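Visitor: Just so it is clear, I am handing over model30.cif, which has mmCIF, C-alpha atoms.
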```cif
data_data
#
loop_
_atom_site.label_atom_id
_atom_site.label_comp_id
_atom_site.auth_asym_id
_atom_site.auth_seq_id
_atom_site.Cartn_x
_atom_site.Cartn_y
_atom_site.Cartn_z
CA MET A 1 -19.54 43.71 36.88
CA LYS A 2 -16.19 45.44 36.58
CA PHE A 3 -14.56 45.52 33.12
CA ASN A 4 -11.21 43.71 33.18
CA PRO A 5 -9.02 44.18 30.02
CA ALA A 6 -6.77 41.25 30.98
CA PHE A 7 -9.79 38.94 31.06
CA VAL A 8 -10.92 40.12 27.60
CA LEU A 9 -7.41 39.62 26.22
CA ALA A 10 -7.21 36.10 27.65
CA ALA A 11 -10.63 35.25 26.17
CA LEU A 12 -9.54 36.55 22.78
CA VAL A 13 -6.41 34.40 22.86
CA ILE A 14 -8.30 31.27 23.95
CA PHE A 15 -11.15 31.61 21.47
CA ALA A 16 -9.17 32.98 18.55
CA PRO A 17 -9.58 30.84 15.42
CA VAL A 18 -6.65 28.46 14.96
CA PRO A 19 -5.78 27.12 11.48
CA ALA A 20 -7.04 23.56 11.28
CA ARG A 21 -4.52 20.83 10.46
CA ALA A 22 -6.55 18.57 8.25
CA GLN A 23 -5.16 15.39 6.71
CA TRP A 24 -5.09 17.11 3.35
CA PRO A 25 -5.62 20.80 2.67
CA MET A 26 -9.20 21.91 2.45
CA PRO A 27 -10.24 22.78 -1.08
CA GLY A 28 -9.80 26.45 -1.50
CA SER A 29 -9.03 29.23 -3.83
CA PRO A 30 -6.25 28.52 -6.32
CA THR A 31 -3.59 30.45 -4.43
CA PRO A 32 0.06 29.44 -4.80
CA ASP A 33 0.16 28.60 -1.08
CA ASN A 34 -2.86 26.30 -1.33
CA GLN A 35 -1.34 24.59 -4.34
CA ARG A 36 2.05 24.19 -2.69
CA ASN A 37 0.50 22.69 0.44
CA ALA A 38 -1.66 20.34 -1.60
CA LEU A 39 1.33 19.37 -3.76
CA ASN A 40 3.53 18.63 -0.74
CA ASN A 41 0.72 16.66 0.84
CA LEU A 42 0.26 14.55 -2.29
CA ARG A 43 3.99 13.84 -2.48
CA SER A 44 3.98 12.76 1.16
CA GLN A 45 0.97 10.53 0.55
CA ILE A 46 2.72 8.87 -2.40
CA ASN A 47 5.74 8.15 -0.17
CA TRP A 48 3.59 6.83 2.68
CA PHE A 49 1.64 4.67 0.27
CA GLN A 50 4.82 3.23 -1.21
CA ASN A 51 6.04 2.51 2.28
CA SER A 52 2.78 0.76 3.18
CA THR A 53 3.25 -1.60 0.23
CA ARG A 54 6.73 -2.50 1.52
CA VAL A 55 5.61 -3.41 5.03
CA ALA A 56 2.13 -4.83 4.27
CA SER A 57 3.29 -8.45 4.47
CA ASN A 58 4.32 -7.88 8.12
CA TYR A 59 0.65 -7.37 8.99
CA GLY A 60 -0.59 -10.64 7.46
CA ASP A 61 -4.32 -10.55 6.67
CA GLN A 62 -4.55 -6.93 7.83
CA GLY A 63 -1.91 -5.84 5.35
CA TYR A 64 -4.49 -5.50 2.60
CA GLY A 65 -6.66 -3.14 4.67
CA LYS A 66 -3.72 -0.92 5.56
CA VAL A 67 -2.60 -0.60 1.94
CA TRP A 68 -6.19 0.11 0.85
CA GLU A 69 -6.59 2.89 3.45
CA GLN A 70 -3.32 4.46 2.41
CA TYR A 71 -4.33 4.33 -1.25
CA GLN A 72 -7.58 6.13 -0.47
CA SER A 73 -5.58 8.84 1.34
CA LEU A 74 -3.41 9.22 -1.77
CA ARG A 75 -6.54 9.59 -3.92
CA GLY A 76 -7.95 12.08 -1.45
CA ALA A 77 -4.77 14.14 -1.58
CA TYR A 78 -4.86 14.15 -5.38
CA SER A 79 -8.51 15.14 -5.36
CA GLY A 80 -7.72 17.96 -2.90
CA LEU A 81 -4.92 19.20 -5.15
CA LYS A 82 -7.20 19.30 -8.18
CA GLN A 83 -9.54 21.58 -6.29
CA THR A 84 -6.77 24.15 -5.89
CA LEU A 85 -6.05 24.41 -9.63
CA ASN A 86 -6.88 27.64 -11.42
CA PRO A 87 -8.96 27.81 -14.64
CA ARG A 88 -5.86 28.02 -16.87
CA GLN A 89 -4.32 24.93 -15.27
CA LEU A 90 -7.60 23.05 -15.55
CA THR A 91 -7.96 23.92 -19.24
CA GLU A 92 -4.35 23.35 -20.29
CA GLY A 93 -4.08 20.24 -18.16
CA ALA A 94 -7.42 18.67 -19.08
CA ASN A 95 -5.85 15.80 -21.03
CA ALA A 96 -3.18 15.21 -18.42
CA LEU A 97 -5.72 15.22 -15.61
CA ALA A 98 -7.92 12.75 -17.51
CA ASP A 99 -4.86 10.49 -17.94
CA LEU A 100 -3.96 10.78 -14.25
CA ASP A 101 -7.55 10.15 -13.10
CA ALA A 102 -7.81 7.04 -15.27
CA GLY A 103 -4.38 5.91 -14.10
CA LEU A 104 -5.53 5.93 -10.47
CA ASP A 105 -8.67 3.96 -11.37
CA ILE A 106 -6.60 1.33 -13.19
CA ILE A 107 -4.06 1.07 -10.37
CA GLN A 108 -6.95 0.58 -7.94
CA GLU A 109 -8.02 -2.51 -9.92
CA SER A 110 -5.07 -4.34 -8.31
CA PHE A 111 -7.16 -4.55 -5.15
CA THR A 112 -9.92 -6.38 -7.06
CA ILE A 113 -7.33 -8.72 -8.57
CA TYR A 114 -6.18 -9.56 -5.03
CA GLN A 115 -9.76 -10.34 -3.97
CA ASN A 116 -10.28 -12.53 -7.04
CA ASP A 117 -6.99 -14.35 -6.37
CA LEU A 118 -8.08 -15.19 -2.82
CA ALA A 119 -11.49 -16.34 -4.04
CA ALA A 120 -9.72 -18.63 -6.52
CA GLY A 121 -7.72 -20.20 -3.68
CA ARG A 122 -4.42 -18.35 -3.94
CA PRO A 123 -2.59 -18.02 -0.60
CA VAL A 124 -2.75 -14.58 1.05
CA TYR A 125 1.03 -14.18 1.08
CA SER A 126 1.51 -14.65 -2.70
CA ALA A 127 -1.52 -12.57 -3.62
CA LEU A 128 -0.56 -9.75 -1.26
CA SER A 129 3.06 -9.79 -2.38
CA ASP A 130 2.06 -9.53 -6.06
CA MET A 131 -0.50 -6.82 -5.36
CA CYS A 132 1.98 -4.73 -3.36
CA GLN A 133 4.71 -5.00 -5.99
CA VAL A 134 2.35 -3.96 -8.79
CA LEU A 135 0.97 -1.09 -6.70
CA ARG A 136 4.42 0.13 -5.71
CA ARG A 137 5.81 0.12 -9.25
CA SER A 138 2.64 1.55 -10.79
CA THR A 139 2.33 4.44 -8.36
CA GLN A 140 6.00 5.22 -8.89
CA ILE A 141 5.32 5.68 -12.61
CA TRP A 142 2.11 7.58 -11.85
CA GLY A 143 4.03 9.88 -9.48
CA GLN A 144 6.66 10.60 -12.16
CA GLU A 145 3.91 11.34 -14.66
CA PHE A 146 2.20 13.62 -12.17
CA SER A 147 5.44 15.53 -11.42
CA LYS A 148 6.03 16.09 -15.13
CA HIS A 149 2.57 17.60 -15.57
CA ALA A 150 2.80 19.61 -12.32
CA LEU A 151 5.97 21.22 -13.65
CA ARG A 152 4.44 21.96 -17.06
CA LEU A 153 1.29 23.43 -15.53
CA ARG A 154 3.39 25.33 -12.95
CA ILE A 155 1.38 23.97 -10.05
CA GLY A 156 2.42 25.64 -6.81
CA SER A 157 4.96 27.89 -8.49
CA GLY A 158 2.93 31.05 -8.08
CA LEU A 159 3.39 31.73 -11.80
CA GLY A 160 0.15 30.10 -12.84
CA MET B 25 50.75 31.74 -32.42
CA MET B 26 47.77 29.37 -32.60
CA LYS B 27 48.05 26.24 -30.48
CA MET B 28 47.42 22.89 -32.20
CA LEU B 29 44.73 20.74 -30.60
CA PRO B 30 45.61 17.12 -29.80
CA PRO B 31 44.17 14.67 -32.42
CA ARG B 32 41.55 13.26 -30.01
CA ALA B 33 40.28 16.74 -29.10
CA THR B 34 40.14 17.66 -32.79
CA ALA B 35 38.07 14.57 -33.54
CA VAL B 36 35.65 15.36 -30.68
CA PHE B 37 35.39 18.96 -31.87
CA LEU B 38 34.63 17.90 -35.46
CA LEU B 39 32.08 15.33 -34.32
CA SER B 40 30.30 17.93 -32.15
CA ALA B 41 30.24 20.35 -35.07
CA LEU B 42 28.69 17.70 -37.33
CA VAL B 43 26.06 16.77 -34.72
CA ALA B 44 25.18 20.44 -34.24
CA LEU B 45 24.93 20.93 -38.01
CA PHE B 46 22.63 17.97 -38.60
CA SER B 47 20.45 18.59 -35.57
CA GLY B 48 19.92 22.10 -36.95
CA CYS B 49 18.82 20.59 -40.26
CA ALA B 50 16.36 18.18 -38.66
CA THR B 51 12.87 19.05 -39.82
CA THR B 52 10.86 16.29 -38.18
CA PRO B 53 8.57 18.11 -35.74
CA LYS B 54 8.32 16.84 -32.18
CA LEU B 55 4.78 17.27 -31.04
CA SER B 56 4.80 16.43 -27.34
CA GLY B 57 1.42 14.64 -27.22
CA VAL B 58 2.25 12.51 -30.27
CA GLU B 59 5.79 11.68 -29.14
CA GLU B 60 4.61 10.79 -25.66
CA TYR B 61 1.89 8.53 -27.03
CA LYS B 62 4.45 6.81 -29.28
CA GLN B 63 6.60 6.04 -26.23
CA LEU B 64 3.65 4.69 -24.25
CA THR B 65 2.64 2.50 -27.17
CA LYS B 66 6.16 1.12 -27.62
CA ARG B 67 6.49 0.37 -23.92
CA ALA B 68 3.12 -1.39 -23.79
CA THR B 69 3.90 -3.33 -26.99
CA VAL B 70 7.12 -4.70 -25.50
CA ALA B 71 5.29 -5.73 -22.31
CA VAL B 72 2.48 -7.45 -24.25
CA GLN B 73 4.99 -9.22 -26.54
CA LYS B 74 6.90 -10.57 -23.53
CA ALA B 75 3.69 -11.76 -21.86
CA VAL B 76 2.54 -13.46 -25.08
CA HIS B 77 5.94 -15.10 -25.50
CA SER B 78 5.88 -16.42 -21.91
CA LEU B 79 2.38 -17.76 -22.40
CA GLU B 80 3.45 -19.52 -25.61
CA LYS B 81 6.28 -21.19 -23.67
CA VAL B 82 3.95 -22.23 -20.86
CA SER B 83 1.35 -23.68 -23.20
CA ALA B 84 3.95 -25.42 -25.40
CA SER B 85 4.95 -27.62 -22.51
CA PRO B 86 3.45 -31.16 -22.89
CA GLY B 87 3.20 -31.72 -19.13
CA PRO B 88 3.31 -29.31 -16.18
CA PRO B 89 5.60 -26.40 -17.13
CA ALA B 90 9.04 -26.16 -15.49
CA PRO B 91 9.27 -23.88 -12.41
CA LYS B 92 11.65 -21.60 -14.34
CA THR B 93 9.07 -21.17 -17.12
CA ILE B 94 6.34 -20.42 -14.58
CA ALA B 95 8.57 -17.89 -12.79
CA GLU B 96 9.28 -16.11 -16.07
CA PHE B 97 5.56 -16.05 -16.90
CA GLU B 98 4.76 -14.51 -13.50
CA ARG B 99 7.52 -11.93 -13.84
CA ASN B 100 6.34 -10.87 -17.29
CA LEU B 101 2.72 -10.74 -16.15
CA GLN B 102 3.65 -8.38 -13.34
CA SER B 103 5.61 -6.14 -15.73
CA LEU B 104 2.64 -6.12 -18.07
CA GLN B 105 0.35 -4.97 -15.25
CA VAL B 106 2.72 -2.10 -14.49
CA ASP B 107 3.84 -1.10 -17.99
CA SER B 108 0.33 -1.08 -19.41
CA VAL B 109 -1.17 1.32 -16.86
CA GLN B 110 -0.36 4.45 -18.86
CA ILE B 111 -1.62 3.20 -22.22
CA ARG B 112 -4.82 1.85 -20.67
CA ALA B 113 -5.27 5.15 -18.84
CA ARG B 114 -4.78 6.95 -22.16
CA ALA B 115 -7.50 4.83 -23.79
CA ARG B 116 -9.92 5.67 -20.97
CA ALA B 117 -8.99 9.36 -21.01
CA ILE B 118 -9.65 9.50 -24.76
CA ARG B 119 -12.99 7.80 -24.22
CA ALA B 120 -13.87 10.17 -21.37
CA ARG B 121 -12.89 13.37 -23.17
CA GLY B 122 -13.82 12.32 -26.71
CA ASP B 123 -13.01 14.87 -29.40
CA ALA B 124 -11.84 17.37 -26.78
CA TYR B 125 -8.75 15.19 -26.29
CA PHE B 126 -7.65 15.77 -29.88
CA ALA B 127 -8.79 19.38 -29.95
CA ASP B 128 -5.96 19.92 -27.49
CA TRP B 129 -3.51 18.33 -29.96
CA SER B 130 -4.85 20.55 -32.75
CA GLU B 131 -4.26 23.60 -30.56
CA ASN B 132 -0.71 22.48 -29.90
CA ILE B 133 -0.12 22.04 -33.63
CA ALA B 134 -1.42 25.56 -34.24
CA LYS B 135 1.10 26.88 -31.69
CA ILE B 136 4.14 25.32 -33.41
CA GLU B 137 6.63 28.11 -34.11
CA ASN B 138 8.02 26.74 -37.36
CA PRO B 139 5.86 28.32 -40.13
CA LYS B 140 6.64 25.41 -42.53
CA VAL B 141 5.25 22.89 -40.03
CA ARG B 142 2.19 25.08 -39.46
CA ALA B 143 1.65 25.27 -43.22
CA ALA B 144 2.01 21.49 -43.54
CA ALA B 145 -0.56 21.07 -40.76
CA GLU B 146 -2.95 23.45 -42.51
CA ARG B 147 -2.58 21.58 -45.82
CA SER B 148 -3.13 18.19 -44.14
CA ARG B 149 -5.98 19.19 -41.88
CA PRO B 150 -8.46 16.56 -43.19
CA GLN B 151 -5.85 13.78 -43.04
CA LEU B 152 -4.87 14.81 -39.51
CA GLN B 153 -8.49 14.74 -38.49
CA ALA B 154 -8.85 11.27 -39.99
CA SER B 155 -5.76 10.10 -38.10
CA PHE B 156 -7.19 11.41 -34.84
CA GLU B 157 -10.36 9.43 -35.51
CA HIS B 158 -8.36 6.27 -36.27
CA ILE B 159 -6.32 6.68 -33.08
CA LYS B 160 -9.50 7.18 -31.08
CA LEU B 161 -10.96 3.97 -32.49
CA ALA B 162 -7.77 1.90 -32.15
CA SER B 163 -7.31 3.12 -28.55
CA GLN B 164 -10.82 1.95 -27.67
CA GLN B 165 -10.22 -1.39 -29.35
CA ALA B 166 -6.86 -1.88 -27.62
CA GLY B 167 -8.44 -1.02 -24.26
CA ALA B 168 -11.34 -3.41 -24.87
CA ALA B 169 -9.03 -6.26 -25.98
CA PHE B 170 -6.66 -5.72 -23.08
CA ASP B 171 -9.18 -6.54 -20.32
CA PRO B 172 -9.90 -10.16 -21.36
CA PHE B 173 -6.19 -10.66 -22.13
CA LEU B 174 -5.15 -9.61 -18.62
CA SER B 175 -8.02 -11.49 -17.04
CA GLY B 176 -6.99 -14.71 -18.85
CA LEU B 177 -3.37 -14.30 -17.79
CA LEU B 178 -4.39 -13.79 -14.16
CA LYS B 179 -6.53 -16.95 -14.20
CA LEU B 180 -3.63 -18.87 -15.75
CA ARG B 181 -1.32 -17.62 -13.00
CA VAL B 182 -3.63 -19.09 -10.36
CA GLU B 183 -3.75 -22.39 -12.27
CA LEU B 184 0.02 -22.52 -12.67
CA GLU B 185 0.54 -21.79 -9.00
CA LEU B 186 -2.05 -24.21 -7.61
CA ARG B 187 -2.54 -26.87 -10.31
CA PRO B 188 0.28 -26.73 -12.89
CA GLU B 189 -0.76 -30.14 -14.27
CA ALA B 190 -4.14 -28.63 -15.27
CA MET B 191 -2.41 -26.62 -17.97
CA ALA B 192 -2.22 -29.78 -20.07
CA SER B 193 -5.98 -30.44 -19.69
CA PRO B 194 -8.51 -29.33 -22.34
CA PRO B 195 -9.89 -26.43 -20.20
CA GLY B 196 -6.32 -25.27 -19.49
CA ASN B 197 -5.46 -25.45 -23.19
CA ASP B 198 -8.62 -23.56 -24.13
CA LEU B 199 -7.92 -20.77 -21.67
CA ALA B 200 -4.33 -20.45 -22.89
CA ARG B 201 -5.44 -20.40 -26.55
CA THR B 202 -8.16 -17.79 -25.99
CA THR B 203 -5.79 -15.63 -23.96
CA LEU B 204 -3.13 -15.86 -26.65
CA GLY B 205 -5.71 -14.77 -29.23
CA ASN B 206 -6.61 -11.74 -27.09
CA GLY B 207 -2.93 -10.91 -26.72
CA HIS B 208 -2.43 -10.90 -30.49
CA GLU B 209 -5.48 -8.69 -30.85
CA VAL B 210 -4.00 -6.17 -28.40
CA LEU B 211 -0.73 -6.20 -30.36
CA ALA B 212 -2.57 -5.55 -33.62
CA ASP B 213 -4.43 -2.59 -32.08
CA LEU B 214 -1.23 -1.15 -30.63
CA ALA B 215 0.40 -1.44 -34.06
CA LYS B 216 -2.51 0.53 -35.57
CA ILE B 217 -2.03 3.31 -33.01
CA GLU B 218 1.70 3.42 -33.68
CA SER B 219 1.16 3.56 -37.42
CA GLU B 220 -1.33 6.46 -37.12
CA LEU B 221 1.03 8.38 -34.84
CA GLN B 222 3.74 7.88 -37.44
CA THR B 223 1.36 9.20 -40.09
CA ILE B 224 0.78 12.37 -38.05
CA THR B 225 4.52 12.94 -37.77
CA LYS B 226 4.91 12.51 -41.54
CA LEU B 227 2.01 14.87 -42.27
CA LEU B 228 3.61 17.56 -40.15
CA THR B 229 7.04 17.16 -41.67
CA PRO B 230 7.49 19.93 -44.26
#
```
Would you mind writing the structure in this file as structure tokens?

Guide:
Amino acid sequence: MKFNPAFVLAALVIFAPVPARAQWPMPGSPTPDNQRNALNNLRSQINWFQNSTRVASNYGDQGYGKVWEQYQSLRGAYSGLKQTLNPRQLTEGANALADLDAGLDIIQESFTIYQNDLAAGRPVYSALSDMCQVLRRSTQIWGQEFSKHALRLRIGSGLG
Amino acid sequence: MMKMLPPRATAVFLLSALVALFSGCATTPKLSGVEEYKQLTKRATVAVQKAVHSLEKVSASPGPPAPKTIAEFERNLQSLQVDSVQIRARARAIRARGDAYFADWSENIAKIENPKVRAAAERSRPQLQASFEHIKLASQQAGAAFDPFLSGLLKLRVELELRPEAMASPPGNDLARTTLGNGHEVLADLAKIESELQTITKLLTP
């Protein structure tokens, strides 16, 4: 078979590894780029989550499921970000991270409250509206808290 | 020749000079962890007080409470759910990290630049340690008392929304009374935390 350089070049281009576009950055080494990507992703997830709480009532019964999915994406993004932190950030931010972790667990309890409300006979609309308002306001405070710590720990600044 | 300042500008200048002078003299140390915890405690205390007050109004009503009273109760309950997240998270973080949580505070105290504050901290080491222990305990107690308080309020919300007349029944009264008791317990625990945080600030003030 005759060697054809153009064929080899085309094969290289086709099979060359392409950076994957995952929903949140893959856990990796604590490089400033990884941290910045994870940080931006988390901020986007917070915004998308907040938006989902505003429009949930338009989806009726399915509104709950959509908000729940979006909340899990937010948690996933936060978890991904934590995996990009360097040892200094993990040590200096241990208290802050424990606060933020617990904050997310407590905010998540709003979903259980919704379930209990329905079981007690509360109409979907009132229960969903209350749940969404509490989630929206709570994650806003959580996001502010997170930003404060991210700044202090210099997450994504490249100065860590 | 020197220009005279207008009287208003002179007054502003003098006031600024006085503020600068006194802020320079201030010796109360601001330890970020302590100050932040004070703010969280104050915020949660206000939210719990409002919820307790609304519940008192609801349960004081001889018949079904007025829609305005119910609306206020629901509004304050929602604010409580939001404004208590940070303090409840703090209680859980302290429980999860244990002594390591306060070791971080001790490290921050050791890093304070003012040598007088550092000396005060060194002198009061045992008292500081005791305060940390008290805060740890009060935080656990506040967290433990908060859960039944919130749970009672949520059950009362359902009752008020679906069967407001049931509030005047013995089970409704019992639930309201128990929930009020839990609310007062939370307030007492929050006051203990605030008092210990104040003690730390005093101990570090040279």

Visitor: Evaluate the PyMOL selection byres ((chain A) within 12 of (chain B)) on the structure here and hand back the selected residues as a ChimeraX atom specification.

Guide: /A:91-110,112-114,116-123,126-127,129-146,148,152

Visitor: Find the spatial neighbours of Leu39 in chain A, counting only C-alpha atoms, within a cut-off of 10 Å - ignore same-chain residues fewer than 6 positions away - and output them as an NGL selection string.

Guide: :A and (24-25 or 33 or 45 or 77-78 or 80-82 or 84 or 147 or 150 or 155-156)

Visitor: With all atoms listed in the file counted, which protein, DNA or RNA residues have an atom no more than 9 Å from (-1.7, -12.5, -28.3) in the file frame? Please answer as a short mmCIF file (atom, residue, chain, number, x, y, z; two decimals) with C-alpha atoms, in the coordinates of the input.

Guide:
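This is the output file result.cif:
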```cif
data_model
loop_
_atom_site.label_atom_id
_atom_site.label_comp_id
_atom_site.auth_asym_id
_atom_site.auth_seq_id
_atom_site.Cartn_x
_atom_site.Cartn_y
_atom_site.Cartn_z
CA VAL B 72 2.48 -7.45 -24.25
CA GLN B 73 4.99 -9.22 -26.54
CA ALA B 75 3.69 -11.76 -21.86
CA VAL B 76 2.54 -13.46 -25.08
CA HIS B 77 5.94 -15.10 -25.50
CA LEU B 79 2.38 -17.76 -22.40
CA PHE B 173 -6.19 -10.66 -22.13
CA ARG B 201 -5.44 -20.40 -26.55
CA THR B 202 -8.16 -17.79 -25.99
CA THR B 203 -5.79 -15.63 -23.96
CA LEU B 204 -3.13 -15.86 -26.65
CA GLY B 205 -5.71 -14.77 -29.23
CA ASN B 206 -6.61 -11.74 -27.09
CA GLY B 207 -2.93 -10.91 -26.72
CA HIS B 208 -2.43 -10.90 -30.49
CA GLU B 209 -5.48 -8.69 -30.85
CA VAL B 210 -4.00 -6.17 -28.40
CA LEU B 211 -0.73 -6.20 -30.36
CA ALA B 212 -2.57 -5.55 -33.62
#
```

Visitor: Can you report as JSON the centre and edge lengths in Å, to one decimal, of an axis-aligned box around the listed atoms of range 72-79 of chain B padded with 6 Å on each side?

Guide:
```
{"center_x": 4.6, "center_y": -12.6, "center_z": -24.2, "size_x": 16.5, "size_y": 22.3, "size_z": 16.7}
```

Visitor: Just give me the gap between CA of Ala154 in chain B and CA of His149 in chain A in Å, one decimal is fine.

Guide: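 CA of Ala154 in chain B sits 27.7 Å away from CA of His149 in chain A.
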
Visitor: Name the residues captured by the PyMOL selection byres ((chain A and resi 66) around 12) when it is applied to the shown file; answer as a list in words.

Guide: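 Applying the PyMOL selection byres ((chain A and resi 66) around 12) to the structure shown produces Trp48, Phe49, Gln50, Asn51, Ser52, Thr53, Arg54, Val55, Ala56, Ser57, Asn58, Tyr59, Gly60, Asp61, Gln62, Gly63, Tyr64, Gly65, Val67, Trp68, Glu69, Gln70, Tyr71, Gln72, Ser73, Phe111, Leu128 and Cys132 of chain A.
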
Visitor: Please, what distance in Å, to one decimal, runs between CA of Thr225 in chain B and CA of Val70 in chain B?

Guide: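 Value for the CA of Thr225 in chain B-CA of Val70 in chain B distance: 21.6 Å.
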
Visitor: Pick from B:Leu152, B:Ala144, B:Leu101, B:Ala134: nearest to Thr229 in chain B, with only C-alpha atoms counted?

Guide: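 The closest residue to Thr229 in chain B is B:Ala144.
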
Visitor: Grab the CA of Gly122 in chain B to CA of Lys62 in chain B distance for me, in Å with one decimal place.

Guide: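 CA of Lys62 in chain B lies at a distance of 19.3 Å from CA of Gly122 in chain B.
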
Visitor: Within 12 Å of Ser130 in chain B, counting all atoms listed in the file, which residues show up once you throw out same-chain ones fewer than 5 positions away? Write them as a ChimeraX atom specification, please.

Guide: /B:55-58,123-125,135-136,142,145-146,148-150,152-153,155-156,224,228

Visitor: Could you write out that same residue set with C-alpha atoms as a compact mmCIF listing (two decimals), in the coordinates of the input?

Guide:
```
# COMPACT_ATOMS: atom_id res chain seq x y z
CA LEU B 55 4.78 17.27 -31.04
CA SER B 56 4.80 16.43 -27.34
CA GLY B 57 1.42 14.64 -27.22
CA VAL B 58 2.25 12.51 -30.27
CA ASP B 123 -13.01 14.87 -29.40
CA ALA B 124 -11.84 17.37 -26.78
CA TYR B 125 -8.75 15.19 -26.29
CA LYS B 135 1.10 26.88 -31.69
CA ILE B 136 4.14 25.32 -33.41
CA ARG B 142 2.19 25.08 -39.46
CA ALA B 145 -0.56 21.07 -40.76
CA GLU B 146 -2.95 23.45 -42.51
CA SER B 148 -3.13 18.19 -44.14
CA ARG B 149 -5.98 19.19 -41.88
CA PRO B 150 -8.46 16.56 -43.19
CA LEU B 152 -4.87 14.81 -39.51
CA GLN B 153 -8.49 14.74 -38.49
CA SER B 155 -5.76 10.10 -38.10
CA PHE B 156 -7.19 11.41 -34.84
CA ILE B 224 0.78 12.37 -38.05
CA LEU B 228 3.61 17.56 -40.15
```

Visitor: Let me make sure I understand: among B:Glu80, B:His158, B:Leu199, B:Glu189, which one has the smallest atom-to-atom distance to Pro172 in chain B if we use all atoms listed in the file?

Guide: B:Leu199

Visitor: Set the distance at 7 Å and use all atoms listed in the file: which residues neighbour Asn86 in chain A once local chain neighbours fewer than 3 positions away are removed? I'd like the list as a list in words.

Guide: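 Here the answer would be Pro30, Gln89 and Leu90 of chain A.
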
Visitor: Counting all atoms listed in the file, which of A:Leu85, A:Val124, A:Leu74, A:Leu151 gets nearest to Asn41 in chain A?

Guide: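 Selected residue with least distance to Asn41 in chain A: A:Leu74.
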